[in-house]
>>> print(open('model-v2.txt').read())   # compact mmCIF, C-alpha atoms
# COMPACT_ATOMS: atom_id res chain seq x y z
CA MET A 14 103.04 -41.93 53.49
CA MET A 15 104.41 -38.57 52.33
CA ARG A 16 101.88 -36.25 50.73
CA ARG A 17 102.36 -35.49 47.03
CA GLN A 18 103.42 -31.88 46.62
CA ILE A 19 101.87 -29.65 43.95
CA LEU A 20 103.23 -26.23 43.03
CA ILE A 21 100.63 -23.58 42.14
CA VAL A 22 102.02 -20.81 39.93
CA ASP A 23 99.40 -18.07 39.60
CA ASP A 24 99.56 -14.33 40.28
CA ASP A 25 95.84 -14.14 41.12
CA PRO A 26 95.53 -14.70 44.91
CA CYS A 27 91.87 -15.70 44.59
CA VAL A 28 92.61 -18.43 42.05
CA GLY A 29 95.64 -19.54 44.04
CA ASP A 30 93.64 -19.74 47.26
CA LEU A 31 90.89 -21.72 45.52
CA LEU A 32 93.42 -24.18 44.11
CA GLU A 33 95.25 -24.53 47.43
CA GLU A 34 91.99 -25.24 49.28
CA LEU A 35 90.94 -27.76 46.63
CA LEU A 36 94.27 -29.59 46.73
CA THR A 37 94.51 -29.58 50.52
CA LYS A 38 91.05 -31.14 50.85
CA GLU A 39 92.20 -33.91 48.50
CA GLY A 40 95.22 -34.62 50.71
CA TYR A 41 97.89 -32.95 48.57
CA GLY A 42 100.53 -30.57 49.84
CA ALA A 43 100.41 -27.15 48.14
CA LEU A 44 103.30 -24.82 47.35
CA ARG A 45 102.70 -21.28 46.02
CA ALA A 46 104.52 -19.00 43.59
CA TYR A 47 103.13 -15.75 42.20
CA SER A 48 105.46 -15.29 39.21
CA GLY A 49 107.54 -17.34 36.83
CA THR A 50 110.78 -16.14 38.37
CA GLU A 51 109.61 -17.08 41.86
CA ALA A 52 108.54 -20.51 40.60
CA LEU A 53 111.94 -21.25 39.05
CA LEU A 54 113.74 -20.12 42.20
CA LEU A 55 111.49 -22.33 44.32
CA MET A 56 112.14 -25.29 42.01
CA GLU A 57 115.86 -25.00 42.80
CA LYS A 58 115.08 -25.85 46.44
CA ALA A 59 112.01 -28.06 46.21
CA ARG A 60 110.95 -30.77 43.79
CA PRO A 61 107.14 -30.88 43.60
CA ASP A 62 105.45 -33.88 42.06
CA LEU A 63 103.38 -31.69 39.71
CA VAL A 64 103.00 -28.03 38.72
CA LEU A 65 99.82 -26.09 37.98
CA LEU A 66 101.06 -23.24 35.79
CA ASP A 67 99.04 -20.18 34.82
CA ARG A 68 99.87 -19.15 31.27
CA MET A 69 99.45 -15.40 31.82
CA LEU A 70 101.97 -14.30 34.44
CA PRO A 71 103.61 -10.94 35.20
CA GLY A 72 107.09 -10.60 33.72
CA MET A 73 108.09 -14.02 32.45
CA GLN A 74 105.11 -15.64 30.72
CA GLY A 75 104.03 -19.20 31.44
CA ASP A 76 105.28 -20.38 28.02
CA GLU A 77 108.83 -19.34 28.91
CA VAL A 78 108.58 -20.72 32.45
CA LEU A 79 107.55 -24.09 31.01
CA ARG A 80 110.63 -24.24 28.80
CA ARG A 81 112.91 -23.54 31.78
CA MET A 82 111.33 -25.93 34.25
CA PRO A 83 113.09 -29.09 35.42
CA LYS A 84 111.43 -32.28 34.24
CA VAL A 85 108.18 -32.50 36.21
CA PRO A 86 104.57 -32.90 35.00
CA VAL A 87 103.10 -29.46 34.25
CA ILE A 88 99.40 -28.78 33.74
CA VAL A 89 98.90 -25.38 32.12
CA LEU A 90 95.85 -23.36 33.23
CA SER A 91 94.69 -20.62 30.88
CA ALA A 92 91.64 -18.66 29.83
CA ARG A 93 92.98 -18.77 26.27
CA ASP A 94 91.69 -21.77 24.36
CA GLU A 95 93.07 -21.33 20.85
CA VAL A 96 94.22 -24.63 19.38
CA GLU A 97 97.61 -23.41 18.17
CA GLY A 98 98.58 -22.16 21.62
CA LYS A 99 97.59 -25.47 23.21
CA VAL A 100 99.52 -27.47 20.64
CA ASN A 101 102.67 -25.37 21.08
CA LEU A 102 102.59 -25.72 24.86
CA LEU A 103 102.08 -29.48 24.66
CA LEU A 104 104.96 -29.75 22.21
CA ASP A 105 107.09 -27.64 24.57
CA GLY A 106 106.60 -30.18 27.33
CA ALA A 107 103.29 -29.48 29.07
CA ALA A 108 101.65 -32.68 30.31
CA ASP A 109 98.14 -31.27 29.96
CA TYR A 110 96.19 -28.06 29.28
CA VAL A 111 93.07 -26.99 31.18
CA THR A 112 90.98 -24.00 30.12
CA LYS A 113 89.69 -21.54 32.72
CA PRO A 114 87.12 -21.52 34.21
CA PHE A 115 87.66 -25.17 35.02
CA ASP A 116 85.53 -27.79 36.72
CA SER A 117 87.17 -28.81 40.01
CA ARG A 118 86.38 -32.50 39.53
CA GLU A 119 87.88 -32.51 36.05
CA LEU A 120 91.05 -30.76 37.23
CA LEU A 121 91.47 -33.22 40.12
CA ALA A 122 90.99 -36.11 37.70
CA ARG A 123 93.64 -34.74 35.36
CA ILE A 124 96.03 -34.26 38.30
CA ALA A 125 95.42 -37.85 39.44
CA VAL A 126 96.12 -39.17 35.94
CA GLN A 127 99.46 -37.37 35.79
CA LEU A 128 100.51 -38.47 39.27
CA ARG A 129 99.73 -42.12 38.66
CA ALA A 130 101.36 -42.21 35.22
CA PRO A 131 103.91 -45.06 35.19
CA SER A 132 107.41 -43.85 35.93
CA ARG A 133 110.00 -44.29 33.19
CA GLU A 134 112.80 -43.96 35.71
CA GLY A 135 113.71 -47.62 35.56
CA LEU A 136 114.15 -47.34 31.79
CA ALA A 137 116.00 -44.05 31.80
CA PRO A 138 119.73 -43.82 31.21
CA VAL A 139 121.78 -43.48 34.36
CA ILE A 140 125.10 -41.66 34.09
CA GLU A 141 127.77 -42.31 36.70
CA ALA A 142 131.18 -40.75 37.24
CA GLY A 143 132.85 -41.78 40.45
CA ARG A 144 130.37 -41.10 43.26
CA LEU A 145 128.30 -38.75 41.11
CA ARG A 146 125.12 -40.13 39.60
CA LEU A 147 122.49 -38.71 37.22
CA ASN A 148 119.12 -40.21 36.44
CA GLU A 149 117.71 -38.60 33.33
CA ALA A 150 114.10 -39.62 34.04
CA GLY A 151 113.58 -36.82 36.53
CA ARG A 152 116.74 -34.78 35.91
CA GLU A 153 117.96 -36.02 39.29
CA ALA A 154 121.55 -35.66 40.42
CA GLU A 155 123.17 -37.06 43.54
CA PHE A 156 126.56 -37.46 45.18
CA ASP A 157 127.09 -40.45 47.46
CA GLY A 158 123.32 -40.93 47.49
CA ARG A 159 122.65 -37.33 48.59
CA ALA A 160 120.39 -35.33 46.27
CA LEU A 161 121.86 -32.28 44.55
CA ARG A 162 119.45 -29.40 43.96
CA LEU A 163 120.55 -28.10 40.57
CA THR A 164 119.07 -25.61 38.14
CA ARG A 165 118.28 -26.79 34.63
CA THR A 166 121.48 -25.15 33.35
CA GLU A 167 123.68 -26.59 36.10
CA TYR A 168 122.24 -30.05 35.44
CA ALA A 169 122.96 -29.77 31.71
CA ILE A 170 126.57 -28.69 32.35
CA LEU A 171 127.18 -31.48 34.86
CA LYS A 172 125.65 -34.06 32.52
CA LEU A 173 127.98 -33.07 29.68
CA LEU A 174 131.05 -33.15 31.94
CA MET A 175 130.03 -36.53 33.40
CA GLN A 176 129.68 -37.93 29.90
CA ASN A 177 133.31 -36.92 29.31
CA PRO A 178 135.11 -37.46 32.67
CA GLY A 179 138.68 -36.23 32.76
CA ARG A 180 138.37 -34.53 29.38
CA ALA A 181 138.61 -30.75 29.05
CA ILE A 182 135.46 -29.46 27.34
CA ALA A 183 135.76 -26.11 25.57
CA LYS A 184 133.33 -23.37 26.58
CA SER A 185 132.04 -23.16 23.01
CA VAL A 186 131.30 -26.90 23.02
CA ILE A 187 129.46 -26.67 26.33
CA LEU A 188 127.32 -23.81 25.05
CA GLU A 189 126.56 -25.64 21.80
CA HIS A 190 125.50 -28.84 23.55
CA ILE A 191 123.27 -27.29 26.20
CA SER A 192 121.78 -24.42 24.18
CA LEU A 193 118.54 -26.25 23.31
CA ASP A 194 117.81 -27.14 26.95
CA THR A 195 119.10 -23.94 28.51
CA PRO A 196 118.69 -20.91 26.24
CA ASP A 197 119.38 -18.64 29.23
CA CYS A 198 123.03 -19.76 29.33
CA THR A 199 125.30 -17.50 27.28
CA ASP A 200 129.03 -17.03 26.90
CA SER A 201 128.95 -14.26 29.49
CA SER A 202 126.90 -16.23 32.05
CA LEU A 203 128.51 -19.66 31.65
CA LYS A 204 131.27 -18.91 34.16
CA GLN A 205 128.71 -17.98 36.83
CA HIS A 206 126.65 -21.11 36.18
CA VAL A 207 129.76 -23.27 36.55
CA SER A 208 130.77 -21.38 39.69
CA ASN A 209 127.34 -22.05 41.24
CA LEU A 210 127.56 -25.72 40.26
CA ARG A 211 131.04 -26.08 41.79
CA ARG A 212 129.82 -24.49 45.03
CA LYS A 213 126.90 -26.91 45.31
CA LEU A 214 129.20 -29.87 44.66
CA ARG A 215 131.64 -28.68 47.34
CA GLU A 216 128.81 -28.24 49.82
CA ALA A 217 127.75 -31.84 49.13
CA GLY A 218 131.28 -33.06 49.93
CA CYS A 219 132.39 -33.56 46.35
CA GLY A 220 135.36 -31.18 46.68
CA ASP A 221 136.74 -29.31 43.68
CA CYS A 222 135.81 -31.97 41.16
CA ILE A 223 135.25 -29.46 38.33
CA GLU A 224 138.50 -27.90 37.21
CA ALA A 225 138.93 -24.85 35.02
CA VAL A 226 141.38 -25.53 32.20
CA TRP A 227 143.10 -22.29 31.23
CA GLY A 228 142.33 -21.20 27.69
CA VAL A 229 140.02 -24.16 27.06
CA GLY A 230 137.07 -24.68 29.39
CA PHE A 231 136.27 -27.13 32.16
CA ARG A 232 136.72 -30.78 33.02
CA LEU A 233 135.36 -33.18 35.60
CA VAL A 234 137.74 -35.02 37.87
CA ALA A 235 135.55 -37.93 38.94
CA PRO A 236 135.34 -37.89 42.76
>>> encode(input="model-v2.txt", output="structure tokens")
Amino acid sequence: MMRRQILIVDDDPCVGDLLEELLTKEGYGALRAYSGTEALLLMEKARPDLVLLDRMLPGMQGDEVLRRMPKVPVIVLSARDEVEGKVNLLLDGAADYVTKPFDSRELLARIAVQLRAPSREGLAPVIEAGRLRLNEAGREAEFDGRALRLTRTEYAILKLLMQNPGRAIAKSVILEHISLDTPDCTDSSLKQHVSNLRRKLREAGCGDCIEAVWGVGFRLVAP
């Protein structure tokens, strides 16, 4: 049976080492990231089953990292225990909030609860366009059964195009529809996000299934 993978995002090596040792002893696999940017880059290549996210990180704070993370259970770890902060993080998508210093047994119990939570995947909408398939439960994308590792922005763009196969979608419409999920995507960066998405689709064998429509935007030619 494959070990459940947990991503530790904490810039304090001592805390990270403690968490890694704790998780390893419990039979989990541990991944490490020391900043929010590193965590998001890692999430493009790996899909952990759960994330332990420190709220106070260098550069990009944990609050912002949470909003940009793909859909995966996130337990926020923080020395700050004000109610308003906890409420905001939970409303922003955190699965749980644990105050530092934490009791190891309590943290392991909270992790176990999140990992055994019933999956909603069977109830989630599945979007299909040709041999492309999206499952919204875990923001999972695949082509011919092969998983596509997409960023949150790339996933949002592909989802919109798959919902409108063959139809040219204006850039302004794309930006309007994905702005809530991907605030990092702007008019100036949209072209690069689409370019990265097209490259990943080509590498998966999908060919040039996203076409640029001159003066309008982009459209999906269902492969």
>>> atom_distance(input="model-v2.txt", atom1="atom CA of Gln18 of chain A", atom2="atom CA of Pro83 of chain A")
15.1 Å
>>> residues_near_point(input="model-v2.txt", point="(122.4, -33.6, 34.3)", cutoff="12 Å", atoms="only C-alpha atoms", output="PyMOL selection string")
chain A and resi 83-84+138-142+145-155+161-176+191+194-195+210
>>> atom_distance(input="model-v2.txt", atom1="atom CA of Leu66 of chain A", atom2="atom CA of Leu90 of chain A")
5.8 Å
>>> axis_aligned_box(input="model-v2.txt", around="segment 69-78 of chain A", padding_each_side="8 Å", output="AutoDock Vina command-line options")
--center_x 104.1 --center_y -15.7 --center_z 31.6 --size_x 25.4 --size_y 26.1 --size_z 23.2
>>> closest_residue(input="model-v2.txt", among="A:Asp221, A:Glu34, A:Asp67, A:Glu39", to="Arg16 of chain A", atoms="all atoms listed in the file")
A:Glu39
>>> atom_distance(input="model-v2.txt", atom1="atom CA of Pro178 of chain A", atom2="atom CA of Lys204 of chain A")
19.0 Å
>>> closest_residue(input="model-v2.txt", among="A:Lys213, A:Lys184, A:Arg232, A:Arg144", to="Lys58 of chain A", atoms="all atoms listed in the file")
A:Lys213
>>> closest_residue(input="model-v2.txt", among="A:Leu102, A:Cys219, A:Val111, A:Leu203", to="Phe156 of chain A", atoms="all atoms listed in the file")
A:Cys219
>>> residues_near_point(input="model-v2.txt", point="(93.7, -22.5, 47.1)", cutoff="12 Å", atoms="all atoms listed in the file", output="list in words")
Ile19, Leu20, Ile21, Val22, Asp23, Asp25, Pro26, Cys27, Val28, Gly29, Asp30, Leu31, Leu32, Glu33, Glu34, Leu35, Leu36, Thr37, Lys38, Glu39, Tyr41, Gly42, Ala43, Leu44, Arg45, Ala46, Leu65 and Ser117 of chain A
>>> build_atoms(input="model-v2.txt", residues="segment 50-82 of chain A", atoms="N, CA and C atoms", output="short mmCIF file (atom, residue, chain, number, x, y, z; two decimals), in the coordinates of the input")
data_model
loop_
_atom_site.label_atom_id
_atom_site.label_comp_id
_atom_site.auth_asym_id
_atom_site.auth_seq_id
_atom_site.Cartn_x
_atom_site.Cartn_y
_atom_site.Cartn_z
N THR A 50 109.46 -16.20 37.74
CA THR A 50 110.78 -16.14 38.37
C THR A 50 110.76 -16.79 39.74
N GLU A 51 109.72 -16.49 40.52
CA GLU A 51 109.61 -17.08 41.86
C GLU A 51 109.47 -18.60 41.77
N ALA A 52 108.73 -19.07 40.77
CA ALA A 52 108.54 -20.51 40.60
C ALA A 52 109.85 -21.21 40.31
N LEU A 53 110.66 -20.63 39.41
CA LEU A 53 111.94 -21.25 39.05
C LEU A 53 112.90 -21.24 40.22
N LEU A 54 112.89 -20.18 41.02
CA LEU A 54 113.74 -20.12 42.20
C LEU A 54 113.31 -21.18 43.22
N LEU A 55 112.00 -21.33 43.38
CA LEU A 55 111.49 -22.33 44.32
C LEU A 55 111.87 -23.74 43.86
N MET A 56 111.84 -23.96 42.54
CA MET A 56 112.14 -25.29 42.01
C MET A 56 113.60 -25.68 42.23
N GLU A 57 114.47 -24.69 42.50
CA GLU A 57 115.86 -25.00 42.80
C GLU A 57 115.98 -25.63 44.18
N LYS A 58 115.01 -25.37 45.07
CA LYS A 58 115.08 -25.85 46.44
C LYS A 58 114.12 -27.00 46.72
N ALA A 59 113.03 -27.03 45.99
CA ALA A 59 112.01 -28.06 46.21
C ALA A 59 111.72 -28.77 44.90
N ARG A 60 111.29 -30.02 44.99
CA ARG A 60 110.95 -30.77 43.79
C ARG A 60 109.52 -31.27 43.92
N PRO A 61 108.54 -30.45 43.52
CA PRO A 61 107.14 -30.88 43.60
C PRO A 61 106.88 -32.04 42.65
N ASP A 62 105.81 -32.74 42.91
CA ASP A 62 105.45 -33.88 42.06
C ASP A 62 104.71 -33.43 40.80
N LEU A 63 104.15 -32.21 40.85
CA LEU A 63 103.38 -31.69 39.71
C LEU A 63 103.28 -30.18 39.85
N VAL A 64 103.13 -29.49 38.72
CA VAL A 64 103.00 -28.03 38.72
C VAL A 64 101.71 -27.63 38.00
N LEU A 65 100.96 -26.73 38.63
CA LEU A 65 99.82 -26.09 37.98
C LEU A 65 100.30 -24.70 37.58
N LEU A 66 100.42 -24.45 36.29
CA LEU A 66 101.06 -23.24 35.79
C LEU A 66 100.09 -22.36 35.02
N ASP A 67 99.86 -21.15 35.54
CA ASP A 67 99.04 -20.18 34.82
C ASP A 67 99.83 -19.69 33.60
N ARG A 68 99.16 -19.57 32.49
CA ARG A 68 99.87 -19.15 31.27
C ARG A 68 100.18 -17.66 31.26
N MET A 69 99.28 -16.84 31.83
CA MET A 69 99.45 -15.40 31.82
C MET A 69 100.01 -14.95 33.16
N LEU A 70 101.30 -14.70 33.21
CA LEU A 70 101.97 -14.30 34.44
C LEU A 70 102.66 -12.95 34.26
N PRO A 71 102.87 -12.21 35.33
CA PRO A 71 103.61 -10.94 35.20
C PRO A 71 105.08 -11.22 34.90
N GLY A 72 105.68 -10.40 34.06
CA GLY A 72 107.09 -10.60 33.72
C GLY A 72 107.25 -11.78 32.78
N MET A 73 107.87 -12.82 33.25
CA MET A 73 108.09 -14.02 32.45
C MET A 73 106.78 -14.79 32.26
N GLN A 74 106.36 -14.95 31.02
CA GLN A 74 105.11 -15.64 30.72
C GLN A 74 105.22 -17.14 30.98
N GLY A 75 104.05 -17.78 31.15
CA GLY A 75 104.03 -19.20 31.44
C GLY A 75 104.71 -20.04 30.37
N ASP A 76 104.63 -19.63 29.11
CA ASP A 76 105.28 -20.38 28.02
C ASP A 76 106.78 -20.48 28.25
N GLU A 77 107.39 -19.36 28.66
CA GLU A 77 108.83 -19.34 28.91
C GLU A 77 109.18 -20.11 30.18
N VAL A 78 108.35 -19.98 31.20
CA VAL A 78 108.58 -20.72 32.45
C VAL A 78 108.59 -22.21 32.17
N LEU A 79 107.65 -22.67 31.36
CA LEU A 79 107.55 -24.09 31.01
C LEU A 79 108.84 -24.59 30.40
N ARG A 80 109.41 -23.81 29.47
CA ARG A 80 110.63 -24.24 28.80
C ARG A 80 111.83 -24.31 29.75
N ARG A 81 111.78 -23.57 30.84
CA ARG A 81 112.91 -23.54 31.78
C ARG A 81 112.74 -24.47 32.97
N MET A 82 111.60 -25.10 33.08
CA MET A 82 111.33 -25.93 34.25
C MET A 82 112.09 -27.25 34.19
#
